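Engineer: Before I ask anything, let me first share the structure, which is written out below as structure tokens.
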Amino acid sequence: MSVYRSTEVFRASGLTIASSTNHIAAGITNGVTGRTGPIDVSRISNGLLVVNCVDAPTGTNPTLAVLIDVQDAFGNWVLVSNAAGISGSAIGSSGFTYGNVSTGYQLTDTARIRWTLTGTGGPQFTNVSFSLYGRP
């Protein structure tokens with residue numbers, strides 16, 4: 001009997017999520033690999049993304065839906081998490097949420113963490129961390 005252990009493939013913390021950005025950009029360093037850019041998910045077939053929002057968000061009625069996309073051979077990004085957000089709903093306050101990465105789909109070699117931010121009055125989530133784990 002083989003035991004599969006999860007592997008951490010991405011980690012970033014202390015991030016500010018504002019309406020001007022909607023995905024992990026080239027300037028964000030992966031704390032696991034020390035590299036920037038898209039996330040290498042070639043070693044995993046499914047996984048778990050944990051999002052921790054330490055501080056209370058700003059703005060009026062702020063919501064943050066966190067999603068996972070993978071890239072196809074033509075450079076198109078394809079959603080492989082719940083369409084309403086990784087946990088099936090958006091985050092509206094401080095705290096954490098988590099969700100399945102693949103929902104049964106086979107992952108490609110490259111992924112990104114993406115979000116949609118809604119609300120008025122300059123909604124923003126600060127001190128946010130992402131941890132992505134996967135199994136072979």
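For the structure tokens, the naming scheme is as follows: chains receive sequential letters (A, B, ...) according to their order of presentation, residues are indexed from 1 within each chain, and ligands are indexed from 1 in presentation order.
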Tell me, as a PDB file with all heavy atoms, in the first residue's frame, which residues lie within 8 Å of Gly14 (chain A), counting only C-alpha atoms; anything in the same chain fewer than 4 positions away does not count.
Structural biologist:
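Listing of out-v1.pdb after writing:
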ATOM      1  N   THR A 126      -6.062  43.189   3.296  1.00  0.00           N
ATOM      2  CA  THR A 126      -4.630  43.292   3.562  1.00  0.00           C
ATOM      3  C   THR A 126      -4.163  42.128   4.425  1.00  0.00           C
ATOM      4  O   THR A 126      -4.962  41.491   5.113  1.00  0.00           O
ATOM      5  CB  THR A 126      -4.282  44.614   4.276  1.00  0.00           C
ATOM      6  OG1 THR A 126      -5.037  44.700   5.487  1.00  0.00           O
ATOM      7  CG2 THR A 126      -4.598  45.811   3.393  1.00  0.00           C
ATOM      8  N   ASN A 127      -2.869  41.881   4.371  1.00  0.00           N
ATOM      9  CA  ASN A 127      -2.246  40.811   5.149  1.00  0.00           C
ATOM     10  C   ASN A 127      -2.869  39.453   4.815  1.00  0.00           C
ATOM     11  O   ASN A 127      -3.250  38.694   5.692  1.00  0.00           O
ATOM     12  CB  ASN A 127      -2.314  41.118   6.643  1.00  0.00           C
ATOM     13  CG  ASN A 127      -1.202  40.458   7.401  1.00  0.00           C
ATOM     14  OD1 ASN A 127      -0.303  39.855   6.831  1.00  0.00           O
ATOM     15  ND2 ASN A 127      -1.252  40.560   8.706  1.00  0.00           N
ATOM     16  N   VAL A 128      -2.954  39.170   3.513  1.00  0.00           N
ATOM     17  CA  VAL A 128      -3.543  37.928   3.005  1.00  0.00           C
ATOM     18  C   VAL A 128      -2.429  36.932   2.701  1.00  0.00           C
ATOM     19  O   VAL A 128      -1.377  37.306   2.190  1.00  0.00           O
ATOM     20  CB  VAL A 128      -4.365  38.205   1.724  1.00  0.00           C
ATOM     21  CG1 VAL A 128      -4.906  36.914   1.129  1.00  0.00           C
ATOM     22  CG2 VAL A 128      -5.484  39.186   2.014  1.00  0.00           C
ATOM     23  N   SER A 129      -2.665  35.662   3.010  1.00  0.00           N
ATOM     24  CA  SER A 129      -1.699  34.621   2.657  1.00  0.00           C
ATOM     25  C   SER A 129      -2.388  33.521   1.865  1.00  0.00           C
ATOM     26  O   SER A 129      -3.575  33.264   2.038  1.00  0.00           O
ATOM     27  CB  SER A 129      -1.035  34.034   3.905  1.00  0.00           C
ATOM     28  OG  SER A 129      -1.980  33.345   4.690  1.00  0.00           O
TER      29      SER A 129
END
Engineer: Which residues are near Gly75 (chain A)? Cut-off 12 Å, only C-alpha atoms, ignore same chain within fewer than 4 positions. Put them as a PyMOL selection string.
Structural biologist: chain A and resi 38+69-71+108-111
Engineer: Have a look at CA of Leu79 (chain A) and CA of Ala56 (chain A) and let me know their distance in Å, one decimal.
Structural biologist: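 It comes out at 27.5 Å.
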Engineer: My list of candidates is A:Gly134, A:Gly47, A:Gly27, A:Gly122. Which is closest to Pro62 (chain A) when distances are computed with only C-alpha atoms?
Structural biologist: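 For Pro62 (chain A), the nearest of the given residues is A:Gly122.
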Engineer: Which residue out of A:Tyr133, A:Thr16, A:Leu107, A:Arg5 has the minimum interatomic distance to Asp72 (chain A) when only C-alpha atoms are used?
Structural biologist: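 Checking each of A:Tyr133, A:Thr16, A:Leu107, A:Arg5 against Asp72 (chain A), counting only C-alpha atoms, the winner is A:Leu107.
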Engineer: May I have the residues within 7 Å of region 95-99 of chain A as a compact mmCIF listing (two decimals) with N, CA, C and O atoms, in the first residue's frame, using only C-alpha atoms and disregarding those fewer than 2 positions away in the same chain?
Structural biologist:
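The file below, part.txt, is the result:
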# COMPACT_ATOMS: atom_id res chain seq x y z
N LEU A 48 -5.22 21.45 -2.54
CA LEU A 48 -5.99 22.25 -1.60
C LEU A 48 -5.34 23.63 -1.52
O LEU A 48 -4.12 23.74 -1.33
N LEU A 49 -6.15 24.67 -1.66
CA LEU A 49 -5.68 26.04 -1.50
C LEU A 49 -6.27 26.60 -0.21
O LEU A 49 -7.49 26.54 -0.01
N VAL A 50 -5.41 27.12 0.66
CA VAL A 50 -5.84 27.75 1.91
C VAL A 50 -5.56 29.24 1.79
O VAL A 50 -4.45 29.64 1.45
N VAL A 51 -6.57 30.05 2.07
CA VAL A 51 -6.46 31.51 2.03
C VAL A 51 -6.74 32.03 3.43
O VAL A 51 -7.77 31.71 4.01
N ASN A 52 -5.83 32.84 3.95
CA ASN A 52 -6.00 33.42 5.28
C ASN A 52 -6.00 34.94 5.15
O ASN A 52 -5.03 35.52 4.67
N CYS A 53 -7.09 35.58 5.55
CA CYS A 53 -7.22 37.04 5.55
C CYS A 53 -7.11 37.49 7.00
O CYS A 53 -8.07 37.38 7.76
N VAL A 54 -5.94 37.99 7.38
CA VAL A 54 -5.67 38.32 8.78
C VAL A 54 -6.43 39.56 9.23
O VAL A 54 -7.05 39.57 10.29
N ILE A 86 -13.11 29.19 -4.20
CA ILE A 86 -12.61 27.87 -3.83
C ILE A 86 -13.47 27.17 -2.79
O ILE A 86 -13.58 25.97 -2.79
N SER A 87 -14.10 27.93 -1.89
CA SER A 87 -14.94 27.30 -0.87
C SER A 87 -16.40 27.24 -1.28
O SER A 87 -17.23 26.77 -0.51
N SER A 93 -14.94 38.85 5.27
CA SER A 93 -14.36 39.37 6.52
C SER A 93 -12.99 38.73 6.74
O SER A 93 -12.52 37.97 5.90
N VAL A 101 -8.73 22.20 -5.46
CA VAL A 101 -8.13 22.83 -6.62
C VAL A 101 -8.66 22.26 -7.93
O VAL A 101 -8.89 22.99 -8.87
Engineer: Have a look at A:Ile68, A:Gly92, A:Ala12, A:Ala84 and name the one nearest to Gly119 (chain A); count only C-alpha atoms.
Structural biologist: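 That would be A:Gly92, the residue with the smallest distance to Gly119 (chain A).
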Engineer: What lies within 9 Å of Ser45 (chain A) using only C-alpha atoms, ignoring chain neighbours under 3 positions off, as a VMD selection string?
Structural biologist: chain A and resid 41 to 42 102 105 to 108 134 to 136
Engineer: Please return as a PyMOL selection string: the residues of region 21-115 of chain A that backbone DSSP assigns to strand (DSSP E).
Structural biologist: chain A and resi 39-40+46-53+58-71+77-79+95-100+110-115
Engineer: How would the residues just picked look written out with N, CA and C atoms as a JSON list (two decimals), in the first residue's frame?
Structural biologist:
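Dumped everything to out24.json:
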[["chain", "number", "residue", "atom", "x", "y", "z"],
["A", 39, "ILE", "N", 2.55, 29.37, -11.25],
["A", 39, "ILE", "CA", 2.85, 28.31, -10.28],
["A", 39, "ILE", "C", 3.03, 26.98, -11.00],
["A", 40, "ASP", "N", 4.12, 26.29, -10.73],
["A", 40, "ASP", "CA", 4.38, 24.97, -11.32],
["A", 40, "ASP", "C", 3.60, 23.92, -10.54],
["A", 46, "ASN", "N", -4.07, 17.03, -7.97],
["A", 46, "ASN", "CA", -5.15, 17.77, -7.33],
["A", 46, "ASN", "C", -4.59, 18.40, -6.06],
["A", 47, "GLY", "N", -5.35, 19.24, -5.43],
["A", 47, "GLY", "CA", -4.80, 19.88, -4.26],
["A", 47, "GLY", "C", -5.79, 20.67, -3.44],
["A", 48, "LEU", "N", -5.22, 21.45, -2.54],
["A", 48, "LEU", "CA", -5.99, 22.25, -1.60],
["A", 48, "LEU", "C", -5.34, 23.63, -1.52],
["A", 49, "LEU", "N", -6.15, 24.67, -1.66],
["A", 49, "LEU", "CA", -5.68, 26.04, -1.50],
["A", 49, "LEU", "C", -6.27, 26.60, -0.21],
["A", 50, "VAL", "N", -5.41, 27.12, 0.66],
["A", 50, "VAL", "CA", -5.84, 27.75, 1.91],
["A", 50, "VAL", "C", -5.56, 29.24, 1.79],
["A", 51, "VAL", "N", -6.57, 30.05, 2.07],
["A", 51, "VAL", "CA", -6.46, 31.51, 2.03],
["A", 51, "VAL", "C", -6.74, 32.03, 3.43],
["A", 52, "ASN", "N", -5.83, 32.84, 3.95],
["A", 52, "ASN", "CA", -6.00, 33.42, 5.28],
["A", 52, "ASN", "C", -6.00, 34.94, 5.15],
["A", 53, "CYS", "N", -7.09, 35.58, 5.55],
["A", 53, "CYS", "CA", -7.22, 37.04, 5.55],
["A", 53, "CYS", "C", -7.11, 37.49, 7.00],
["A", 58, "THR", "N", -11.36, 46.56, 4.05],
["A", 58, "THR", "CA", -11.85, 47.93, 4.02],
["A", 58, "THR", "C", -12.90, 48.06, 2.93],
["A", 59, "GLY", "N", -13.61, 49.17, 2.94],
["A", 59, "GLY", "CA", -14.65, 49.43, 1.95],
["A", 59, "GLY", "C", -16.01, 49.00, 2.47],
["A", 60, "THR", "N", -17.01, 49.16, 1.63],
["A", 60, "THR", "CA", -18.38, 48.81, 1.97],
["A", 60, "THR", "C", -18.76, 47.52, 1.26],
["A", 61, "ASN", "N", -19.23, 46.56, 2.03],
["A", 61, "ASN", "CA", -19.63, 45.25, 1.52],
["A", 61, "ASN", "C", -18.54, 44.58, 0.67],
["A", 62, "PRO", "N", -17.30, 44.52, 1.18],
["A", 62, "PRO", "CA", -16.24, 43.89, 0.39],
["A", 62, "PRO", "C", -16.42, 42.37, 0.34],
["A", 63, "THR", "N", -16.17, 41.78, -0.83],
["A", 63, "THR", "CA", -16.15, 40.33, -0.97],
["A", 63, "THR", "C", -14.98, 39.94, -1.85],
["A", 64, "LEU", "N", -14.39, 38.83, -1.52],
["A", 64, "LEU", "CA", -13.22, 38.32, -2.23],
["A", 64, "LEU", "C", -13.48, 36.86, -2.59],
["A", 65, "ALA", "N", -13.57, 36.57, -3.89],
["A", 65, "ALA", "CA", -13.72, 35.20, -4.36],
["A", 65, "ALA", "C", -12.37, 34.77, -4.93],
["A", 66, "VAL", "N", -11.79, 33.69, -4.38],
["A", 66, "VAL", "CA", -10.48, 33.21, -4.81],
["A", 66, "VAL", "C", -10.68, 31.97, -5.68],
["A", 67, "LEU", "N", -9.99, 31.95, -6.82],
["A", 67, "LEU", "CA", -10.16, 30.90, -7.83],
["A", 67, "LEU", "C", -8.81, 30.34, -8.25],
["A", 68, "ILE", "N", -8.81, 29.15, -8.83],
["A", 68, "ILE", "CA", -7.60, 28.54, -9.39],
["A", 68, "ILE", "C", -7.84, 28.27, -10.88],
["A", 69, "ASP", "N", -6.88, 28.72, -11.69],
["A", 69, "ASP", "CA", -6.90, 28.47, -13.13],
["A", 69, "ASP", "C", -5.65, 27.68, -13.51],
["A", 70, "VAL", "N", -5.75, 26.88, -14.57],
["A", 70, "VAL", "CA", -4.57, 26.25, -15.18],
["A", 70, "VAL", "C", -4.47, 26.72, -16.61],
["A", 71, "GLN", "N", -3.27, 26.63, -17.17],
["A", 71, "GLN", "CA", -3.03, 27.11, -18.52],
["A", 71, "GLN", "C", -2.96, 25.95, -19.50],
["A", 77, "TRP", "N", -6.23, 30.47, -20.01],
["A", 77, "TRP", "CA", -6.44, 30.10, -18.61],
["A", 77, "TRP", "C", -7.82, 29.47, -18.46],
["A", 78, "VAL", "N", -7.89, 28.32, -17.76],
["A", 78, "VAL", "CA", -9.11, 27.55, -17.60],
["A", 78, "VAL", "C", -9.37, 27.34, -16.10],
["A", 79, "LEU", "N", -10.57, 27.66, -15.65],
["A", 79, "LEU", "CA", -10.95, 27.53, -14.24],
["A", 79, "LEU", "C", -11.03, 26.07, -13.83],
["A", 95, "GLY", "N", -10.36, 36.08, 8.47],
["A", 95, "GLY", "CA", -10.50, 34.65, 8.73],
["A", 95, "GLY", "C", -9.88, 33.87, 7.60],
["A", 96, "PHE", "N", -10.20, 32.59, 7.53],
["A", 96, "PHE", "CA", -9.61, 31.76, 6.48],
["A", 96, "PHE", "C", -10.67, 30.96, 5.76],
["A", 97, "THR", "N", -10.31, 30.52, 4.59],
["A", 97, "THR", "CA", -11.15, 29.63, 3.81],
["A", 97, "THR", "C", -10.24, 28.69, 3.05],
["A", 98, "TYR", "N", -10.80, 27.63, 2.52],
["A", 98, "TYR", "CA", -10.01, 26.67, 1.77],
["A", 98, "TYR", "C", -10.91, 26.01, 0.73],
["A", 99, "GLY", "N", -10.28, 25.41, -0.26],
["A", 99, "GLY", "CA", -11.06, 24.73, -1.27],
["A", 99, "GLY", "C", -10.23, 23.82, -2.14],
["A", 100, "ASN", "N", -10.94, 22.91, -2.80],
["A", 100, "ASN", "CA", -10.36, 21.94, -3.71],
["A", 100, "ASN", "C", -9.85, 22.65, -4.96],
["A", 110, "THR", "N", 0.96, 24.38, -15.38],
["A", 110, "THR", "CA", 1.03, 25.75, -14.93],
["A", 110, "THR", "C", -0.31, 26.21, -14.37],
["A", 111, "ALA", "N", -0.27, 26.89, -13.22],
["A", 111, "ALA", "CA", -1.49, 27.37, -12.59],
["A", 111, "ALA", "C", -1.30, 28.81, -12.10],
["A", 112, "ARG", "N", -2.42, 29.42, -11.76],
["A", 112, "ARG", "CA", -2.39, 30.73, -11.12],
["A", 112, "ARG", "C", -3.52, 30.82, -10.12],
["A", 113, "ILE", "N", -3.32, 31.63, -9.12],
["A", 113, "ILE", "CA", -4.37, 31.97, -8.16],
["A", 113, "ILE", "C", -4.96, 33.28, -8.66],
["A", 114, "ARG", "N", -6.28, 33.32, -8.79],
["A", 114, "ARG", "CA", -6.97, 34.51, -9.29],
["A", 114, "ARG", "C", -8.08, 34.88, -8.32],
["A", 115, "TRP", "N", -8.49, 36.12, -8.35],
["A", 115, "TRP", "CA", -9.58, 36.54, -7.48],
["A", 115, "TRP", "C", -10.44, 37.59, -8.15]]
Engineer: With only C-alpha atoms as the counted atoms, please give the residues lying no more than 7 Å from Ile17 (chain A), apart from itself and same-chain residues fewer than 2 positions off, as a PyMOL selection string.
Structural biologist: chain A and resi 15+19+124-126
